[in-house]
$ cat final.txt   # compact mmCIF, C-alpha atoms
# COMPACT_ATOMS: atom_id res chain seq x y z
CA MET A 1 4.91 6.45 30.06
CA LYS A 2 1.91 4.13 29.94
CA ASN A 3 0.17 6.44 27.47
CA MET A 4 3.24 6.45 25.22
CA VAL A 5 3.36 2.64 25.20
CA CYS A 6 -0.35 2.44 24.37
CA LEU A 7 0.09 5.02 21.63
CA ARG A 8 2.97 3.10 20.05
CA ARG A 9 0.98 -0.13 20.26
CA ARG A 10 -2.00 1.60 18.64
CA ASN A 11 0.13 3.06 15.86
CA LYS A 12 1.70 -0.33 15.10
CA MET A 13 -1.72 -1.99 14.93
CA GLU A 14 -3.09 0.83 12.79
CA ASP A 15 -0.14 0.46 10.42
CA LEU A 16 -0.80 -3.28 10.15
CA ILE A 17 -4.45 -2.61 9.27
CA LYS A 18 -3.47 0.05 6.72
CA TYR A 19 -1.02 -2.36 5.07
CA PHE A 20 -3.50 -5.21 5.22
CA ILE A 21 -6.73 -3.62 3.97
CA PHE A 22 -5.87 -3.12 0.28
CA PRO A 23 -4.29 -6.57 -0.22
CA PHE A 24 -7.39 -8.02 1.49
CA ILE A 25 -9.69 -6.18 -0.93
CA THR A 26 -7.71 -7.17 -4.04
CA VAL A 27 -7.20 -10.81 -3.02
CA THR A 28 -10.95 -11.13 -2.29
CA LEU A 29 -11.78 -9.52 -5.64
CA TYR A 30 -9.28 -11.62 -7.58
CA ILE A 31 -10.44 -14.93 -6.05
CA GLN A 32 -14.03 -14.23 -7.11
CA VAL A 33 -13.04 -13.18 -10.64
CA PHE A 34 -10.56 -16.05 -11.08
CA ASN A 35 -13.28 -18.55 -10.08
CA LEU A 36 -15.93 -16.69 -12.09
CA ASN A 37 -18.05 -19.70 -12.99
CA ARG A 38 -17.86 -21.12 -9.49
CA PHE A 39 -19.32 -17.88 -8.12
CA SER A 40 -21.95 -17.67 -10.89
CA ASN A 41 -25.52 -18.89 -10.75
CA ASN A 42 -26.50 -22.40 -11.78
CA GLY A 43 -26.12 -22.99 -15.52
CA ILE A 44 -24.21 -19.71 -16.06
CA TYR A 45 -20.79 -19.83 -17.73
CA PHE A 46 -19.05 -16.49 -18.32
CA GLY A 47 -22.42 -14.76 -18.03
CA VAL A 48 -24.13 -17.00 -20.61
CA ARG A 49 -26.86 -19.49 -19.73
CA VAL A 50 -26.10 -22.99 -20.97
CA PRO A 51 -28.38 -26.06 -20.73
CA LEU A 52 -27.06 -28.22 -17.90
CA GLU A 53 -26.53 -31.22 -20.16
CA TYR A 54 -23.63 -29.30 -21.74
CA LYS A 55 -21.95 -28.08 -18.56
CA ASN A 56 -19.03 -30.52 -19.06
CA ASP A 57 -18.70 -29.83 -22.78
CA ILE A 58 -15.08 -29.79 -23.95
CA ASP A 59 -15.42 -26.25 -25.34
CA ILE A 60 -16.55 -24.88 -21.97
CA LEU A 61 -13.79 -26.71 -20.10
CA ARG A 62 -11.19 -25.50 -22.57
CA LEU A 63 -12.47 -21.94 -22.37
CA GLU A 64 -12.38 -21.94 -18.57
CA LYS A 65 -8.82 -23.29 -18.53
CA LYS A 66 -7.69 -20.58 -20.94
CA TYR A 67 -9.55 -17.92 -18.93
CA LYS A 68 -7.74 -18.85 -15.70
CA LYS A 69 -4.39 -18.94 -17.47
CA GLU A 70 -4.88 -15.45 -18.91
CA ASN A 71 -5.96 -14.22 -15.47
CA ILE A 72 -2.66 -15.38 -14.02
CA VAL A 73 -0.61 -13.97 -16.90
CA PHE A 74 -2.31 -10.59 -17.40
CA VAL A 75 -4.51 -9.65 -14.43
CA LEU A 76 -2.53 -10.96 -11.44
CA PRO A 77 0.67 -8.97 -12.24
CA LEU A 78 -1.34 -5.76 -12.47
CA ILE A 79 -3.00 -6.45 -9.12
CA ILE A 80 0.41 -7.14 -7.55
CA LEU A 81 1.77 -3.91 -9.06
CA LEU A 82 -1.06 -1.88 -7.54
CA ASN A 83 -0.36 -3.44 -4.14
CA ILE A 84 3.33 -2.52 -4.40
CA LEU A 85 2.45 1.06 -5.35
CA TYR A 86 0.07 1.26 -2.40
CA ILE A 87 2.61 -0.05 0.11
CA PHE A 88 5.10 2.66 -0.92
CA ASN A 89 2.51 5.41 -0.46
CA ILE A 90 -0.31 4.54 1.92
CA LYS A 91 -2.99 7.16 1.44
CA MET A 92 -6.75 6.79 1.74
CA TRP A 93 -7.39 8.47 -1.61
CA LEU A 94 -4.92 6.08 -3.25
CA LEU A 95 -6.60 3.12 -1.55
CA LEU A 96 -9.94 4.17 -3.07
CA THR A 97 -8.36 4.95 -6.44
CA TYR A 98 -6.49 1.65 -6.67
CA THR A 99 -9.65 -0.22 -5.59
CA PHE A 100 -11.58 1.51 -8.37
CA ILE A 101 -8.84 0.58 -10.88
CA SER A 102 -8.74 -3.02 -9.60
CA ILE A 103 -12.47 -3.41 -10.18
CA GLY A 104 -12.02 -2.17 -13.75
CA ILE A 105 -9.03 -4.43 -14.45
CA THR A 106 -10.75 -7.56 -13.19
CA GLN A 107 -13.82 -6.96 -15.36
CA ILE A 108 -11.98 -6.91 -18.71
CA LEU A 109 -11.45 -10.67 -19.13
CA PRO A 110 -15.01 -11.62 -18.03
CA ILE A 111 -16.41 -9.37 -20.77
CA ILE A 112 -14.04 -10.84 -23.38
CA TYR A 113 -14.96 -14.39 -22.39
CA TRP A 114 -18.67 -13.55 -22.25
CA LYS A 115 -18.41 -12.74 -25.96
CA LYS A 116 -16.51 -15.99 -26.64
CA MET A 117 -19.02 -18.08 -24.68
CA LYS A 118 -21.92 -16.41 -26.43
CA ARG A 119 -20.39 -17.20 -29.81
CA ILE A 120 -19.85 -20.88 -28.88
CA LYS A 121 -23.44 -21.19 -27.66
CA ASN A 122 -24.81 -19.77 -30.93
CA GLU A 123 -22.49 -21.87 -33.12
CA ARG A 124 -23.39 -25.08 -31.26
CA GLY A 125 -27.11 -24.30 -31.29
CA TRP A 126 -27.48 -24.77 -27.54
CA LYS A 127 -30.12 -22.07 -27.43
CA VAL A 128 -32.79 -24.27 -28.96
CA LEU A 129 -31.92 -27.77 -27.78
CA SER A 130 -33.69 -27.58 -24.42
CA LYS A 131 -37.21 -26.65 -23.37
CA ASN A 132 -37.92 -23.05 -22.44
CA VAL A 133 -40.23 -23.08 -19.41
CA ILE A 134 -41.32 -20.56 -16.79
CA ILE A 135 -41.50 -21.53 -13.13
CA VAL A 136 -43.08 -19.34 -10.44
CA GLU A 137 -42.40 -20.25 -6.79
CA THR A 138 -43.83 -17.75 -4.30
CA GLY A 139 -42.47 -19.75 -1.35
CA LEU A 140 -38.96 -18.44 -2.07
CA ARG A 141 -39.93 -14.92 -1.01
CA GLN A 142 -42.38 -15.86 1.73
CA PRO A 143 -41.66 -19.38 3.01
CA LYS A 144 -44.49 -21.11 4.83
CA LYS A 145 -44.45 -20.81 8.62
CA ASN A 146 -43.91 -24.56 8.97
CA SER A 147 -41.08 -24.60 6.41
CA ARG A 148 -37.96 -26.31 7.73
CA ILE A 149 -35.69 -23.96 5.75
CA LYS A 150 -36.21 -20.29 6.57
CA ALA A 151 -33.99 -17.23 6.59
CA LEU A 152 -33.69 -15.20 9.79
CA GLU A 153 -36.63 -12.89 10.39
CA THR A 154 -36.68 -9.23 11.46
CA LYS A 155 -37.25 -10.22 15.10
CA HIS A 156 -33.83 -11.89 15.20
CA TYR A 157 -32.19 -8.61 14.16
CA LEU A 158 -34.19 -6.60 16.68
CA ILE A 159 -32.50 -8.67 19.41
CA LEU A 160 -29.40 -6.60 18.60
CA LEU A 161 -31.15 -3.54 20.06
CA ILE A 162 -29.81 -4.76 23.39
CA ILE A 163 -26.38 -3.35 22.39
CA PRO A 164 -27.41 0.35 22.10
CA PHE A 165 -29.57 -0.17 25.21
CA VAL A 166 -26.56 -1.43 27.23
CA ILE A 167 -24.34 1.38 25.88
CA SER A 168 -26.96 3.95 26.93
CA ILE A 169 -27.22 2.47 30.45
CA LEU A 170 -23.42 2.36 30.84
CA THR A 171 -23.19 5.98 29.70
CA LEU A 172 -25.77 7.11 32.28
CA ILE A 173 -24.11 5.12 35.09
CA ASN A 174 -20.57 6.34 34.32
CA TYR A 175 -21.36 9.90 33.24
CA ASN A 176 -20.30 11.46 36.59
CA LYS A 177 -16.92 9.69 36.38
CA LEU A 178 -16.06 11.28 33.04
CA PRO A 179 -13.41 14.06 32.96
CA GLU A 180 -14.45 17.70 32.50
CA LEU A 181 -13.11 17.59 28.94
CA ILE A 182 -14.48 14.53 27.17
CA PRO A 183 -12.47 13.24 24.15
CA VAL A 184 -14.75 12.59 21.19
CA HIS A 185 -12.32 12.13 18.29
CA TYR A 186 -8.80 10.86 17.66
CA ASN A 187 -6.59 11.61 14.66
CA ALA A 188 -4.57 9.06 12.66
CA ALA A 189 -1.71 9.23 15.18
CA GLY A 190 -4.00 8.25 18.04
CA VAL A 191 -3.95 11.75 19.57
CA VAL A 192 -7.13 13.42 20.81
CA ASP A 193 -7.94 16.24 18.39
CA LYS A 194 -11.44 17.09 19.58
CA VAL A 195 -12.93 17.42 23.06
CA VAL A 196 -16.22 18.70 24.40
CA GLU A 197 -16.93 20.19 27.79
CA LYS A 198 -18.86 18.01 30.18
CA GLY A 199 -22.42 19.18 30.83
CA THR A 200 -22.78 21.00 27.51
CA THR A 201 -25.25 20.24 24.73
CA ALA A 202 -22.32 19.12 22.55
CA ALA A 203 -21.30 16.56 25.19
CA TYR A 204 -24.81 15.16 25.48
CA MET A 205 -25.18 15.03 21.70
CA ASN A 206 -21.88 13.17 21.25
CA LEU A 207 -22.59 10.66 24.01
CA ALA A 208 -26.14 10.04 22.78
CA GLY A 209 -25.00 9.94 19.16
CA ILE A 210 -23.40 6.48 19.32
CA PRO A 211 -26.51 4.63 20.65
CA PHE A 212 -28.63 6.50 18.10
CA MET A 213 -26.31 5.51 15.24
CA LEU A 214 -26.35 1.91 16.49
CA VAL A 215 -30.15 1.83 16.27
CA LEU A 216 -30.03 3.24 12.73
CA MET A 217 -27.41 0.62 11.78
CA ILE A 218 -29.61 -2.19 13.10
CA PHE A 219 -32.52 -1.05 10.93
CA PHE A 220 -30.11 -0.77 7.99
CA PHE A 221 -29.22 -4.45 8.43
CA VAL A 222 -32.93 -5.28 8.80
CA LEU A 223 -33.40 -3.67 5.37
CA ILE A 224 -30.48 -5.67 3.94
CA ASN A 225 -32.01 -8.88 5.30
CA LYS A 226 -35.41 -7.94 3.83
CA ILE A 227 -33.79 -7.46 0.42
CA THR A 228 -31.99 -10.79 0.78
CA VAL A 229 -35.14 -12.71 1.68
CA ASN A 230 -37.65 -10.97 -0.60
CA SER A 231 -35.57 -10.32 -3.73
CA LYS A 232 -36.30 -12.28 -6.89
CA SER A 233 -34.43 -15.59 -7.24
CA ASP A 234 -33.18 -17.31 -10.38
CA LEU A 235 -35.03 -20.59 -11.06
CA PHE A 236 -33.97 -20.96 -14.68
CA SER A 237 -31.62 -23.98 -14.50
CA GLY A 238 -31.61 -27.34 -12.71
CA LYS A 239 -34.05 -29.84 -11.25
CA ILE A 240 -37.03 -27.83 -10.04
CA LYS A 241 -37.38 -29.30 -6.54
CA GLY A 242 -33.64 -29.31 -5.86
CA THR A 243 -33.20 -25.76 -7.18
CA ILE A 244 -35.90 -24.38 -4.87
CA GLU A 245 -34.33 -26.12 -1.88
CA LYS A 246 -30.89 -24.72 -2.77
CA LYS A 247 -32.26 -21.19 -3.06
CA LEU A 248 -33.96 -21.42 0.35
CA LEU A 249 -30.78 -22.75 1.98
CA PHE A 250 -28.68 -20.05 0.34
CA LYS A 251 -30.97 -17.30 1.61
CA LYS A 252 -30.86 -18.82 5.09
CA TYR A 253 -27.04 -18.87 5.16
CA ILE A 254 -26.81 -15.32 3.78
CA SER A 255 -29.21 -14.01 6.43
CA ILE A 256 -27.19 -15.70 9.19
CA PHE A 257 -23.97 -14.16 7.91
CA THR A 258 -25.66 -10.74 7.67
CA TRP A 259 -26.67 -11.07 11.33
CA ILE A 260 -23.09 -11.92 12.34
CA LEU A 261 -21.79 -8.99 10.29
CA ALA A 262 -24.35 -6.71 11.96
CA LEU A 263 -23.21 -7.86 15.42
CA GLU A 264 -19.54 -7.25 14.64
CA THR A 265 -20.28 -3.84 13.11
CA LEU A 266 -22.25 -2.77 16.18
CA ILE A 267 -19.43 -3.86 18.48
CA ILE A 268 -16.88 -1.87 16.46
CA MET A 269 -19.12 1.21 16.50
CA SER A 270 -19.68 0.85 20.27
CA LEU A 271 -16.04 0.59 21.29
CA PRO A 272 -15.12 4.31 21.01
CA GLN A 273 -17.84 5.11 23.57
CA VAL A 274 -16.78 2.21 25.79
CA SER A 275 -13.14 3.35 25.66
CA ILE A 276 -14.19 6.87 26.73
CA LEU A 277 -16.38 5.60 29.57
CA PHE A 278 -13.75 3.25 30.99
CA ASP A 279 -10.57 5.01 29.77
CA LEU A 280 -9.45 1.90 27.87
CA GLY A 281 -7.71 3.51 24.91
CA THR A 282 -8.94 3.19 21.35
CA GLU A 283 -6.41 0.47 20.50
CA ILE A 284 -9.03 -2.09 21.59
CA MET A 285 -10.89 -1.36 18.34
CA THR A 286 -8.30 -3.28 16.35
CA ILE A 287 -9.37 -6.62 17.87
CA PRO A 288 -12.94 -6.67 16.47
CA MET A 289 -11.62 -5.19 13.20
CA VAL A 290 -9.38 -8.23 12.77
CA ILE A 291 -12.31 -10.52 13.64
CA LEU A 292 -14.42 -8.71 11.03
CA PHE A 293 -11.80 -9.30 8.33
CA ILE A 294 -11.58 -12.97 9.30
CA SER A 295 -15.39 -13.29 9.13
CA ILE A 296 -15.47 -11.81 5.64
CA GLY A 297 -12.70 -14.21 4.60
CA VAL A 298 -14.67 -17.15 5.97
CA PHE A 299 -17.75 -15.94 4.11
CA ILE A 300 -15.77 -15.84 0.85
CA LEU A 301 -14.69 -19.46 1.41
CA ILE A 302 -18.26 -20.52 2.23
CA SER A 303 -19.51 -18.68 -0.86
CA TYR A 304 -16.96 -20.55 -2.96
CA TYR A 305 -18.13 -23.85 -1.50
CA PHE A 306 -21.87 -23.10 -1.90
CA GLY A 307 -21.69 -21.13 -5.15
CA GLN A 308 -24.02 -18.27 -6.10
CA GLY A 309 -27.61 -19.10 -5.26
CA GLY A 310 -26.45 -22.31 -3.55
CA ARG A 311 -25.67 -24.02 -6.87
CA ASN A 312 -23.17 -26.41 -5.23
CA ILE A 313 -25.29 -27.34 -2.20
CA LYS A 314 -26.23 -31.03 -2.23
CA THR A 315 -30.01 -31.41 -2.22
CA THR A 316 -32.74 -33.72 -3.48
CA GLU A 317 -32.25 -33.78 -7.26
CA GLU A 318 -35.78 -34.73 -8.25
CA GLY A 319 -38.35 -33.45 -10.69
CA GLU A 320 -38.34 -32.13 -14.21
CA GLU A 321 -35.32 -30.30 -15.64
CA ASN A 322 -35.93 -26.54 -15.73
CA TYR A 323 -34.33 -24.38 -18.42
CA ARG A 324 -35.19 -20.89 -19.58
CA ASP A 325 -32.95 -18.88 -21.91
CA ASP A 326 -32.79 -15.32 -20.54
CA ASP A 327 -29.51 -14.05 -22.04
CA ASP A 328 -31.32 -11.20 -23.80
CA ARG A 329 -32.18 -9.68 -20.42
CA TYR A 330 -28.56 -9.21 -19.39
CA ILE A 331 -26.12 -6.58 -20.65
CA LEU A 332 -22.55 -7.95 -20.90
CA GLY A 333 -23.85 -11.13 -19.26
CA SER A 334 -24.26 -9.68 -15.76
CA ILE A 335 -26.21 -6.38 -15.81
CA TYR A 336 -29.93 -7.14 -15.50
CA TYR A 337 -32.26 -5.03 -17.67
CA ASN A 338 -35.89 -6.12 -17.96
CA LYS A 339 -38.68 -3.56 -18.42
CA ASN A 340 -41.31 -6.27 -17.92
CA ASP A 341 -40.00 -7.22 -14.49
CA PRO A 342 -41.30 -5.00 -11.63
CA ALA A 343 -38.64 -6.33 -9.22
CA LEU A 344 -35.98 -3.82 -8.14
CA MET A 345 -33.56 -6.35 -6.64
CA VAL A 346 -32.72 -9.66 -8.31
CA GLU A 347 -30.27 -12.45 -7.60
CA LYS A 348 -26.91 -11.87 -9.27
CA ARG A 349 -26.21 -13.88 -12.40
CA VAL A 350 -22.45 -13.58 -11.96
CA GLY A 351 -21.01 -13.09 -8.47
CA VAL A 352 -22.45 -13.66 -5.00
CA GLY A 353 -25.39 -11.63 -3.74
CA TRP A 354 -28.02 -9.44 -5.35
CA THR A 355 -28.10 -6.65 -7.89
CA VAL A 356 -30.58 -4.13 -9.28
CA ASN A 357 -32.89 -4.25 -12.27
CA LEU A 358 -31.45 -1.44 -14.40
CA ALA A 359 -34.82 -0.99 -16.15
CA HIS A 360 -36.52 -0.16 -12.83
CA PRO A 361 -37.04 3.61 -12.26
CA ILE A 362 -34.77 3.46 -9.20
CA GLY A 363 -32.40 0.84 -10.62
CA MET A 364 -30.19 3.22 -12.61
CA ILE A 365 -29.76 5.48 -9.56
CA LEU A 366 -28.74 2.57 -7.33
CA MET A 367 -26.32 1.29 -9.98
CA VAL A 368 -24.57 4.62 -10.61
CA LEU A 369 -24.68 6.08 -7.09
CA PRO A 370 -21.86 3.93 -5.59
CA PHE A 371 -19.48 5.00 -8.36
CA ILE A 372 -20.36 8.67 -7.87
CA ILE A 373 -19.81 8.30 -4.11
CA MET A 374 -16.45 6.57 -4.64
CA ILE A 375 -15.22 9.25 -7.07
CA GLY A 376 -16.43 11.95 -4.67
CA LEU A 377 -14.59 10.28 -1.77
CA ILE A 378 -11.39 10.02 -3.83
CA ILE A 379 -11.48 13.76 -4.61
CA PHE A 380 -12.37 14.69 -1.02
CA MET A 381 -9.69 12.48 0.56
CA TYR A 382 -7.05 13.73 -1.89
CA PHE A 383 -7.52 17.38 -0.84
CA PHE A 384 -8.08 16.46 2.81
CA GLU A 385 -4.85 14.46 3.07
CA LYS A 386 -2.98 17.10 1.10
CA THR A 387 -3.92 19.78 3.65
CA ASN A 388 -3.38 17.45 6.63
CA PRO A 389 0.18 16.05 6.32
CA MET A 390 -0.31 13.81 9.37
CA PHE A 391 -2.62 11.66 7.22

$ encode --input "final.txt" --output "structure tokens"
Amino acid sequence: MKNMVCLRRRNKMEDLIKYFIFPFITVTLYIQVFNLNRFSNNGIYFGVRVPLEYKNDIDILRLEKKYKKENIVFVLPLIILLNILYIFNIKMWLLLTYTFISIGITQILPIIYWKKMKRIKNERGWKVLSKNVIIVETGLRQPKKNSRIKALETKHYLILLIIPFVISILTLINYNKLPELIPVHYNAAGVVDKVVEKGTTAAYMNLAGIPFMLVLMIFFFVLINKITVNSKSDLFSGKIKGTIEKKLLFKKYISIFTWILALETLIIMSLPQVSILFDLGTEIMTIPMVILFISIGVFILISYYFGQGGRNIKTTEEGEENYRDDDDRYILGSIYYNKNDPALMVEKRVGVGWTVNLAHPIGMILMVLPFIIMIGLIIFMYFFEKTNPMF
């Protein structure tokens, strides 16, 4: 009876997550696209760099107002329609397909308004009214040891190795208490669909697999943090001293969030093993999943407040005004392509985070690979769910 109650509770929670995940993705995506300029780098409006003295120009303000209106009229109804379609048929392949479609839908207006903004800039002659200067600041990638603003270092991430260590110790201590048939996988209904016999190589491999995967995940987040800290930053608009300070603060906040995300991910990955060791039931996994969604939501709000690259952070606004027109290095205002730049990862021009240099030998692969993976997953999940009605 207890197992039936736990199973029903698990199914209800799973259903809530299934219903919640696509609206969460689309709302997050829509908020960022709707507030495009807020999430863009300093001096960037619809993917076009504008001298800061014109940031409150009537044409820009009018264009942004029209952009938001058209988002509400044309894009929002389509996003709502996709959510309704998903609710009536919750399938993983449809979730991936609708996400793919949502990304495409939300990119149409930014491209249209990039063209409009580019035309206004050329007609008004903004391209030539400010000085074009080049600033190089090596301290952004490798801050001095005595710097008061520094991102988290690799050693802070290595602290997380305590989690796979604890899981390994708990597994060794509780191994003799495990049943002869150890559950290692549950299907969508919360029913065990794979077991391994205790004492076999398969059992040892499955029990050792989780700590091993946790270690790999930690080093994956170390890599993400390295990219965050060492990637090229945009110093093309704003007061030089203030801009550098904003960039350093932004990298610090991003590295802290990445650490929190790493911690939550490790906890979620550890829970299946913990539930097996202590017979807790896999429904406990829903708690950290909810916390993870909340954390991402908080990060979106913080990103909105800070702006891409920390453009909205209040700092010391001193020094000479820095402006460098680099529109010719961006395709459609957001895709970086510069053969003369050896950097693989650069700060995003539009949106929060970092992107690749498409002109880099590896850049094209990294740009196209996620789309290939997503299409492959859609095809795989379609045939998998078709042959497994329970899903």

$ closest_residue --input "final.txt" --among "A:Lys68, A:Lys18, A:Arg49, A:Lys150" --to "Val33 of chain A" --atoms "all atoms listed in the file"
A:Lys68

$ residues_near_point --input "final.txt" --point "(-12.2, 0.4, -6.8)" --cutoff "12 Å" --atoms "only C-alpha atoms" --output "PyMOL selection string"
chain A and resi 22+25-26+29+79+82+92-107+370-375+377-378

$ residues_near_point --input "final.txt" --point "(-21.5, -21.4, -20.5)" --cutoff "10 Å" --atoms "only C-alpha atoms" --output "list in words"
Asn37, Gly43, Ile44, Tyr45, Phe46, Gly47, Val48, Arg49, Val50, Pro51, Leu52, Tyr54, Lys55, Asn56, Asp57, Asp59, Ile60, Leu61, Leu63, Glu64, Tyr113, Trp114, Lys116, Met117, Lys118, Ile120, Lys121 and Trp126 of chain A

$ closest_atom_pairs --input "final.txt" --of "segment 18-111 of chain A" --to "segment 293-310 of chain A" --cutoff "7 Å" --atoms "only C-alpha atoms" --output "CSV"
residue,atom,partner,partner_atom,distance
A:Arg38,CA,A:Gly307,CA,5.8
A:Phe39,CA,A:Gly307,CA,5.0
A:Ser40,CA,A:Gln308,CA,5.3
A:Asn41,CA,A:Gln308,CA,4.9

$ closest_residue --input "final.txt" --among "A:Val195, A:Ile254, A:Leu76, A:Val222" --to "Ile276 of chain A" --atoms "all atoms listed in the file"
A:Val195

$ closest_residue --input "final.txt" --among "A:Leu178, A:Tyr382, A:Ile173, A:Val215" --to "Glu197 of chain A" --atoms "all atoms listed in the file"
A:Leu178

$ atom_distance --input "final.txt" --atom1 "atom CA of Ile313 of chain A" --atom2 "atom CA of Ile108 of chain A"
29.4 Å

$ residues_around --input "final.txt" --residues "Asn206 of chain A" --least-positions-apart "3" --cutoff "12 Å" --atoms "all atoms listed in the file" --output "list in words"
Ser168, Thr171, Ile182, Pro183, Val184, His185, Lys194, Val195, Val196, Glu197, Lys198, Gly199, Thr200, Thr201, Ala202, Ala203, Gly209, Ile210, Pro211, Phe212, Met213, Pro272, Gln273 and Ile276 of chain A

$ atom_distance --input "final.txt" --atom1 "atom CA of Ile260 of chain A" --atom2 "atom CA of Asn35 of chain A"
25.4 Å

$ atom_distance --input "final.txt" --atom1 "atom CA of Leu266 of chain A" --atom2 "atom CA of Tyr86 of chain A"
29.3 Å

$ closest_residue --input "final.txt" --among "A:Arg119, A:Asn225, A:Ile244, A:Pro23" --to "Ile84 of chain A" --atoms "all atoms listed in the file"
A:Pro23

$ residues_around --input "final.txt" --residues "Ile331 of chain A" --least-positions-apart "3" --cutoff "12 Å" --atoms "only C-alpha atoms" --output "ChimeraX atom specification"
/A:47-48,111,114-115,326-328,334-338,349-350,357-359

$ closest_residue --input "final.txt" --among "A:Leu263, A:Ala208, A:Met367, A:Asn176" --to "Leu161 of chain A" --atoms "all atoms listed in the file"
A:Leu263
